[in-house]
>>> print(open('upload_28.txt').read())   # compact mmCIF, N, CA and C atoms and all ligand atoms
# COMPACT_ATOMS: atom_id res chain seq x y z
N MET A 614 0.84 -1.21 0.00
CA MET A 614 0.00 0.00 0.00
C MET A 614 0.87 1.26 0.00
N PHE A 615 1.83 1.32 0.97
CA PHE A 615 2.71 2.49 1.00
C PHE A 615 3.64 2.51 -0.21
N ARG A 616 4.02 1.30 -0.60
CA ARG A 616 4.90 1.19 -1.76
C ARG A 616 4.22 1.74 -3.00
N ARG A 617 2.96 1.37 -3.15
CA ARG A 617 2.21 1.84 -4.32
C ARG A 617 2.10 3.37 -4.30
N LEU A 618 1.86 3.88 -3.08
CA LEU A 618 1.74 5.33 -2.92
C LEU A 618 3.07 6.00 -3.31
N ALA A 619 4.16 5.38 -2.84
CA ALA A 619 5.47 5.96 -3.14
C ALA A 619 5.73 5.97 -4.65
N ILE A 620 5.39 4.87 -5.31
CA ILE A 620 5.60 4.80 -6.76
C ILE A 620 4.72 5.85 -7.46
N GLY A 621 3.48 5.94 -6.99
CA GLY A 621 2.56 6.93 -7.57
C GLY A 621 3.12 8.34 -7.44
N LEU A 622 3.66 8.63 -6.25
CA LEU A 622 4.22 9.97 -6.04
C LEU A 622 5.44 10.20 -6.92
N ALA A 623 6.24 9.16 -7.08
CA ALA A 623 7.44 9.29 -7.92
C ALA A 623 7.04 9.60 -9.36
N ILE A 624 6.01 8.93 -9.84
CA ILE A 624 5.56 9.17 -11.21
C ILE A 624 5.00 10.59 -11.34
N LEU A 625 4.21 10.98 -10.36
CA LEU A 625 3.64 12.32 -10.38
C LEU A 625 4.76 13.36 -10.40
N PHE A 626 5.80 13.12 -9.60
CA PHE A 626 6.93 14.05 -9.53
C PHE A 626 7.62 14.12 -10.89
N ALA A 627 7.81 12.95 -11.51
CA ALA A 627 8.48 12.92 -12.81
C ALA A 627 7.68 13.69 -13.85
N LEU A 628 6.37 13.60 -13.76
CA LEU A 628 5.52 14.26 -14.76
C LEU A 628 5.43 15.76 -14.56
N THR A 629 5.62 16.20 -13.32
CA THR A 629 5.39 17.62 -13.05
C THR A 629 6.68 18.42 -12.87
N THR A 630 7.85 17.75 -12.83
CA THR A 630 9.09 18.53 -12.68
C THR A 630 9.31 19.35 -13.95
N PRO A 631 9.87 20.55 -13.79
CA PRO A 631 10.09 21.40 -14.96
C PRO A 631 11.05 20.74 -15.96
N VAL A 632 10.90 21.11 -17.22
CA VAL A 632 11.71 20.49 -18.26
C VAL A 632 13.19 20.72 -18.01
N ALA A 633 13.96 19.69 -18.25
CA ALA A 633 15.40 19.77 -18.02
C ALA A 633 16.14 19.73 -19.33
N ALA A 634 17.25 20.45 -19.36
CA ALA A 634 18.08 20.44 -20.56
C ALA A 634 18.56 19.02 -20.85
N ALA A 635 18.72 18.19 -19.80
CA ALA A 635 19.17 16.82 -20.01
C ALA A 635 18.19 16.03 -20.87
N ASP A 636 16.90 16.26 -20.66
CA ASP A 636 15.91 15.59 -21.51
C ASP A 636 16.06 16.07 -22.94
N GLY A 637 16.25 17.36 -23.10
CA GLY A 637 16.41 17.94 -24.43
C GLY A 637 17.63 17.36 -25.13
N GLN A 638 18.69 17.13 -24.35
CA GLN A 638 19.90 16.58 -24.94
C GLN A 638 19.63 15.20 -25.54
N LYS A 639 18.87 14.39 -24.80
CA LYS A 639 18.55 13.04 -25.30
C LYS A 639 17.77 13.12 -26.61
N ILE A 640 16.76 13.98 -26.62
CA ILE A 640 15.94 14.11 -27.82
C ILE A 640 16.79 14.64 -28.97
N PHE A 641 17.65 15.60 -28.65
CA PHE A 641 18.51 16.20 -29.68
C PHE A 641 19.41 15.14 -30.32
N GLN A 642 20.01 14.29 -29.47
CA GLN A 642 20.90 13.24 -30.01
C GLN A 642 20.15 12.36 -31.00
N LEU A 643 18.89 12.06 -30.67
CA LEU A 643 18.13 11.13 -31.49
C LEU A 643 17.53 11.80 -32.73
N GLN A 644 17.10 13.05 -32.61
CA GLN A 644 16.25 13.62 -33.66
C GLN A 644 16.83 14.83 -34.37
N CYS A 645 17.92 15.38 -33.89
CA CYS A 645 18.45 16.59 -34.53
C CYS A 645 19.88 16.40 -35.02
N ARG A 646 20.63 15.59 -34.30
CA ARG A 646 22.06 15.50 -34.56
C ARG A 646 22.41 14.90 -35.91
N THR A 647 21.48 14.16 -36.53
CA THR A 647 21.78 13.64 -37.86
C THR A 647 22.06 14.80 -38.81
N CYS A 648 21.40 15.92 -38.61
CA CYS A 648 21.58 17.06 -39.50
C CYS A 648 22.38 18.20 -38.85
N HIS A 649 22.30 18.31 -37.53
CA HIS A 649 22.95 19.45 -36.87
C HIS A 649 24.13 18.99 -36.03
N LEU A 650 25.32 19.11 -36.61
CA LEU A 650 26.53 18.77 -35.89
C LEU A 650 27.09 20.06 -35.27
N ALA A 651 28.20 19.92 -34.55
CA ALA A 651 28.80 21.10 -33.92
C ALA A 651 29.14 22.15 -34.98
N LYS A 652 29.65 21.68 -36.13
CA LYS A 652 29.96 22.59 -37.22
C LYS A 652 28.89 22.49 -38.29
N SER A 653 28.60 23.57 -38.97
CA SER A 653 27.65 23.52 -40.07
C SER A 653 28.13 22.51 -41.11
N SER A 654 27.19 21.77 -41.68
CA SER A 654 27.52 20.81 -42.72
C SER A 654 26.50 20.97 -43.83
N LEU A 655 26.61 20.13 -44.85
CA LEU A 655 25.63 20.21 -45.94
C LEU A 655 24.24 19.88 -45.43
N SER A 656 24.14 19.07 -44.37
CA SER A 656 22.82 18.67 -43.88
C SER A 656 22.14 19.71 -43.01
N GLY A 657 22.88 20.66 -42.47
CA GLY A 657 22.22 21.65 -41.63
C GLY A 657 23.22 22.59 -40.97
N PRO A 658 22.74 23.76 -40.53
CA PRO A 658 23.62 24.74 -39.86
C PRO A 658 23.98 24.28 -38.46
N SER A 659 25.09 24.79 -37.95
CA SER A 659 25.47 24.54 -36.56
C SER A 659 24.45 25.21 -35.63
N LEU A 660 24.13 24.54 -34.54
CA LEU A 660 23.19 25.15 -33.58
C LEU A 660 23.92 25.63 -32.32
N ILE A 661 25.25 25.67 -32.38
CA ILE A 661 26.01 26.21 -31.25
C ILE A 661 25.68 27.70 -31.13
N GLY A 662 25.20 28.12 -29.97
CA GLY A 662 24.87 29.53 -29.75
C GLY A 662 23.61 29.99 -30.46
N VAL A 663 22.75 29.04 -30.86
CA VAL A 663 21.58 29.43 -31.66
C VAL A 663 20.58 30.26 -30.86
N SER A 664 20.47 30.00 -29.56
CA SER A 664 19.50 30.74 -28.75
C SER A 664 19.85 32.23 -28.74
N LYS A 665 18.92 33.08 -29.11
CA LYS A 665 19.06 34.55 -29.19
C LYS A 665 19.88 35.01 -30.39
N ARG A 666 20.33 34.07 -31.23
CA ARG A 666 21.07 34.47 -32.43
C ARG A 666 20.08 34.95 -33.48
N SER A 667 20.54 35.77 -34.43
CA SER A 667 19.67 36.18 -35.53
C SER A 667 19.32 34.96 -36.37
N ILE A 668 18.11 34.93 -36.88
CA ILE A 668 17.65 33.81 -37.71
C ILE A 668 18.45 33.76 -39.01
N ALA A 669 18.89 32.55 -39.37
CA ALA A 669 19.59 32.32 -40.64
C ALA A 669 20.77 33.27 -40.83
N ALA A 670 21.60 33.43 -39.80
CA ALA A 670 22.66 34.44 -39.85
C ALA A 670 24.07 33.87 -39.93
N LEU A 671 24.24 32.54 -39.83
CA LEU A 671 25.60 32.01 -39.85
C LEU A 671 26.23 32.21 -41.22
N PRO A 672 27.47 32.71 -41.27
CA PRO A 672 28.11 32.93 -42.57
C PRO A 672 28.55 31.63 -43.24
N ASP A 673 28.66 30.53 -42.46
CA ASP A 673 29.19 29.30 -43.06
C ASP A 673 28.09 28.33 -43.50
N TYR A 674 26.86 28.81 -43.62
CA TYR A 674 25.80 27.92 -44.08
C TYR A 674 24.92 28.66 -45.09
N ALA A 675 24.59 27.96 -46.19
CA ALA A 675 23.75 28.57 -47.24
C ALA A 675 22.27 28.34 -46.90
N PHE A 676 21.70 29.28 -46.17
CA PHE A 676 20.30 29.15 -45.76
C PHE A 676 19.36 29.34 -46.95
N SER A 677 18.16 28.79 -46.80
CA SER A 677 17.12 28.96 -47.83
C SER A 677 16.65 30.41 -47.81
N GLU A 678 16.11 30.85 -48.94
CA GLU A 678 15.53 32.19 -49.00
C GLU A 678 14.40 32.30 -47.97
N GLY A 679 13.65 31.20 -47.82
CA GLY A 679 12.51 31.20 -46.90
C GLY A 679 12.92 31.57 -45.49
N LEU A 680 14.01 30.97 -45.01
CA LEU A 680 14.43 31.26 -43.63
C LEU A 680 15.14 32.62 -43.56
N LYS A 681 15.90 32.94 -44.62
CA LYS A 681 16.62 34.22 -44.62
C LYS A 681 15.67 35.41 -44.58
N SER A 682 14.54 35.26 -45.30
CA SER A 682 13.62 36.40 -45.37
C SER A 682 12.75 36.53 -44.12
N LYS A 683 12.87 35.59 -43.19
CA LYS A 683 12.05 35.62 -41.98
C LYS A 683 12.42 36.80 -41.08
N GLY A 684 13.72 37.01 -40.89
CA GLY A 684 14.17 38.10 -40.02
C GLY A 684 13.94 37.78 -38.56
N GLY A 685 14.46 38.62 -37.68
CA GLY A 685 14.27 38.43 -36.24
C GLY A 685 15.33 37.54 -35.62
N THR A 686 15.11 37.17 -34.36
CA THR A 686 16.08 36.35 -33.64
C THR A 686 15.41 35.08 -33.12
N TRP A 687 16.27 34.12 -32.76
CA TRP A 687 15.75 32.85 -32.22
C TRP A 687 15.41 33.02 -30.75
N THR A 688 14.27 33.64 -30.49
CA THR A 688 13.73 33.68 -29.13
C THR A 688 13.15 32.30 -28.84
N ASP A 689 12.80 32.05 -27.59
CA ASP A 689 12.18 30.77 -27.23
C ASP A 689 10.90 30.57 -28.05
N GLU A 690 10.14 31.64 -28.21
CA GLU A 690 8.86 31.55 -28.93
C GLU A 690 9.10 31.17 -30.39
N ASN A 691 10.10 31.80 -31.01
CA ASN A 691 10.38 31.49 -32.42
C ASN A 691 10.89 30.06 -32.58
N LEU A 692 11.78 29.63 -31.68
CA LEU A 692 12.27 28.25 -31.76
C LEU A 692 11.11 27.27 -31.61
N ASP A 693 10.21 27.58 -30.69
CA ASP A 693 9.07 26.70 -30.46
C ASP A 693 8.19 26.63 -31.70
N ALA A 694 7.89 27.76 -32.28
CA ALA A 694 7.02 27.79 -33.46
C ALA A 694 7.69 27.10 -34.66
N PHE A 695 8.99 27.29 -34.79
CA PHE A 695 9.73 26.69 -35.91
C PHE A 695 9.70 25.16 -35.80
N MET A 696 10.02 24.63 -34.61
CA MET A 696 10.03 23.17 -34.46
C MET A 696 8.63 22.58 -34.61
N ALA A 697 7.63 23.31 -34.13
CA ALA A 697 6.26 22.80 -34.22
C ALA A 697 5.84 22.65 -35.67
N ALA A 698 6.25 23.56 -36.52
CA ALA A 698 5.86 23.52 -37.93
C ALA A 698 6.82 24.38 -38.75
N PRO A 699 8.00 23.81 -39.09
CA PRO A 699 9.02 24.61 -39.79
C PRO A 699 8.47 25.33 -41.02
N LYS A 700 7.70 24.62 -41.83
CA LYS A 700 7.27 25.21 -43.10
C LYS A 700 6.16 26.23 -42.93
N LYS A 701 5.48 26.18 -41.79
CA LYS A 701 4.49 27.20 -41.50
C LYS A 701 5.19 28.46 -40.97
N PHE A 702 6.22 28.23 -40.15
CA PHE A 702 6.97 29.35 -39.56
C PHE A 702 7.73 30.11 -40.65
N ALA A 703 8.36 29.36 -41.55
CA ALA A 703 9.16 29.98 -42.62
C ALA A 703 8.91 29.22 -43.92
N PRO A 704 7.88 29.60 -44.66
CA PRO A 704 7.61 28.91 -45.93
C PRO A 704 8.87 28.91 -46.79
N GLY A 705 9.19 27.74 -47.36
CA GLY A 705 10.38 27.65 -48.19
C GLY A 705 11.60 27.16 -47.43
N THR A 706 11.47 26.94 -46.11
CA THR A 706 12.63 26.43 -45.37
C THR A 706 12.94 25.01 -45.83
N ARG A 707 14.22 24.67 -45.73
CA ARG A 707 14.63 23.32 -46.11
C ARG A 707 14.63 22.36 -44.92
N MET A 708 14.27 22.83 -43.75
CA MET A 708 14.26 21.90 -42.62
C MET A 708 12.98 21.08 -42.63
N PRO A 709 13.12 19.75 -42.76
CA PRO A 709 11.93 18.89 -42.81
C PRO A 709 11.44 18.53 -41.41
N GLY A 710 10.28 17.94 -41.35
CA GLY A 710 9.78 17.38 -40.09
C GLY A 710 8.94 18.35 -39.28
N THR A 711 8.33 17.81 -38.23
CA THR A 711 7.63 18.62 -37.24
C THR A 711 7.83 17.93 -35.91
N TRP A 712 7.83 18.71 -34.84
CA TRP A 712 7.97 18.17 -33.49
C TRP A 712 6.74 18.59 -32.71
N PRO A 713 5.70 17.76 -32.77
CA PRO A 713 4.39 18.16 -32.25
C PRO A 713 4.26 18.16 -30.72
N VAL A 714 5.19 17.53 -30.01
CA VAL A 714 5.02 17.43 -28.55
C VAL A 714 5.64 18.66 -27.87
N ALA A 715 4.78 19.47 -27.25
CA ALA A 715 5.23 20.74 -26.66
C ALA A 715 6.31 20.52 -25.60
N ALA A 716 6.18 19.46 -24.81
CA ALA A 716 7.17 19.21 -23.74
C ALA A 716 8.54 18.89 -24.35
N ASP A 717 8.54 18.18 -25.49
CA ASP A 717 9.81 17.89 -26.17
C ASP A 717 10.44 19.18 -26.67
N ARG A 718 9.60 20.05 -27.23
CA ARG A 718 10.14 21.31 -27.76
C ARG A 718 10.72 22.15 -26.61
N ALA A 719 10.04 22.18 -25.48
CA ALA A 719 10.53 22.96 -24.33
C ALA A 719 11.87 22.41 -23.86
N ALA A 720 11.99 21.07 -23.83
CA ALA A 720 13.25 20.46 -23.40
C ALA A 720 14.35 20.77 -24.41
N LEU A 721 14.02 20.73 -25.69
CA LEU A 721 15.01 21.04 -26.73
C LEU A 721 15.47 22.49 -26.63
N ILE A 722 14.55 23.40 -26.36
CA ILE A 722 14.91 24.81 -26.23
C ILE A 722 15.85 24.99 -25.03
N ALA A 723 15.52 24.31 -23.92
CA ALA A 723 16.39 24.39 -22.73
C ALA A 723 17.78 23.86 -23.07
N TYR A 724 17.82 22.77 -23.85
CA TYR A 724 19.12 22.19 -24.21
C TYR A 724 19.89 23.12 -25.14
N MET A 725 19.19 23.71 -26.11
CA MET A 725 19.90 24.58 -27.06
C MET A 725 20.55 25.77 -26.36
N LYS A 726 19.96 26.20 -25.21
CA LYS A 726 20.57 27.31 -24.46
C LYS A 726 21.92 26.92 -23.87
N THR A 727 22.16 25.61 -23.72
CA THR A 727 23.45 25.17 -23.15
C THR A 727 24.51 25.01 -24.23
N LEU A 728 24.12 25.14 -25.49
CA LEU A 728 25.09 24.96 -26.59
C LEU A 728 25.83 26.27 -26.84
N ASN A 729 27.02 26.37 -26.26
CA ASN A 729 27.76 27.62 -26.46
C ASN A 729 29.20 27.35 -26.87
C1 LIG B 801 16.77 16.20 -41.90
C2 LIG B 801 17.66 17.23 -41.41
C3 LIG B 801 17.26 18.05 -40.20
C4 LIG B 801 16.81 17.60 -38.97
C5 LIG B 801 16.54 16.16 -38.53
C6 LIG B 801 16.68 18.77 -38.15
N1 LIG B 801 17.04 19.89 -38.85
FE1 LIG B 801 17.07 21.80 -38.15
N2 LIG B 801 17.65 22.48 -39.98
C7 LIG B 801 17.87 21.69 -41.09
C8 LIG B 801 18.17 22.52 -42.23
C9 LIG B 801 18.47 22.03 -43.65
C10 LIG B 801 18.13 23.86 -41.77
C11 LIG B 801 18.33 25.12 -42.61
C12 LIG B 801 16.94 25.49 -43.09
C13 LIG B 801 16.88 26.58 -44.14
O1 LIG B 801 17.92 27.12 -44.56
O2 LIG B 801 15.75 26.89 -44.51
C14 LIG B 801 17.81 23.79 -40.34
C15 LIG B 801 17.70 24.91 -39.53
C16 LIG B 801 17.46 24.87 -38.17
C17 LIG B 801 17.43 26.01 -37.30
C18 LIG B 801 17.73 27.45 -37.69
C19 LIG B 801 19.20 27.76 -37.49
C20 LIG B 801 19.61 29.20 -37.78
O3 LIG B 801 20.78 29.53 -37.55
O4 LIG B 801 18.78 30.02 -38.22
C21 LIG B 801 17.14 25.55 -36.04
C22 LIG B 801 16.99 26.37 -34.78
C23 LIG B 801 16.99 24.12 -36.15
N3 LIG B 801 17.19 23.73 -37.45
C24 LIG B 801 16.68 23.29 -35.08
C25 LIG B 801 16.50 21.91 -35.19
C26 LIG B 801 16.16 21.06 -34.07
C27 LIG B 801 16.03 21.53 -32.64
C28 LIG B 801 16.02 19.80 -34.56
C29 LIG B 801 15.59 18.55 -33.81
C30 LIG B 801 14.39 18.67 -33.02
C31 LIG B 801 16.30 19.85 -35.98
N4 LIG B 801 16.58 21.15 -36.32
C32 LIG B 801 16.28 18.75 -36.83
C33 LIG B 801 17.82 20.31 -41.13
C34 LIG B 801 17.39 19.49 -40.11
>>> encode(input="upload_28.txt", output="C-alpha cells")
Amino acid sequence: MFRRLAIGLAILFALTTPVAAADGQKIFQLQCRTCHLAKSSLSGPSLIGVSKRSIAALPDYAFSEGLKSKGGTWTDENLDAFMAAPKKFAPGTRMPGTWPVAADRAALIAYMKTLN
C-alpha cells in the first residue's frame, strides 16, 4: 500500500518537474544531430549559440531564402514555433519534419541554451 503510494508519487513528480536540458539533450541526439553537428555541414547549420542568435545568420551555411527572409532572432517563442511547424513558420525552409510534442520542444529549447 505504501509502496504503491510511493511509486505513484514518484511518477507524479516525474511528470510535473520542470523540463530539463538533459531531456532535451537526449531528444537532440536522437532527432536533430543527424543534420545538426557542432559545425555547419551540408545537412544543416550549426546550432552552437543558436538561442538569441539572428535567424539564418551564420556565414558558413547557405540558408534557404525562406528562412533568410524571416528576419528576427531565435527567441524561445520562435524556436518553439519553428520546431512545431518549420514550413508554416518559414515557408520555403529546407528543414523537414515537425515536433508536435510541446514538452519535447521545451526540453530542446532548454538544451539549445546550453550549446555555447
Ligand atoms: C533532416 C535534417 C534536419 C533535422 C533532422 C533537423 N534539422 Fe534543423 N535544420 C535543417 C536545415 C536544412 C536547416 C536550414 C533550413 C533553411 O535554410 O531553410 C535547419 C535549420 C534549423 C534552425 C535554424 C538555425 C539558424 O541559424 O537560423 C534551427 C533552430 C533548427 N534547425 C533546429 C532543429 C532542431 C532543434 C532539430 C531537432 C528537433 C532539428 N533542427 C532537426 C535540417 C534538419
>>> residues_near_ligand(input="upload_28.txt", ligand="ligand LIG 801 (chain B)", cutoff="7 Å", atoms="only N, CA and C atoms and all ligand atoms", output="VMD selection string")
chain A and resid 640 to 641 644 to 649 655 to 660 663 666 to 671 675 to 681 692 696 705 to 710 712 721 to 722
>>> atom_distance(input="upload_28.txt", atom1="atom CA of Leu643 of chain A", atom2="atom CA of Ala703 of chain A")
23.7 Å
>>> closest_residue(input="upload_28.txt", among="A:Asp673, A:Asp689, A:Gly684, A:Lys652", to="Ala723 of chain A", atoms="only C-alpha atoms")
A:Asp689
>>> atom_distance(input="upload_28.txt", atom1="atom N of Ala698 of chain A", atom2="atom CA of Pro713 of chain A")
7.1 Å
>>> select_by_dssp(input="upload_28.txt", residues="chain A", states="alpha helix (DSSP H)", output="number ranges by chain")
A: 615-629, 634-644, 678-681, 689-697, 699-702, 715-725
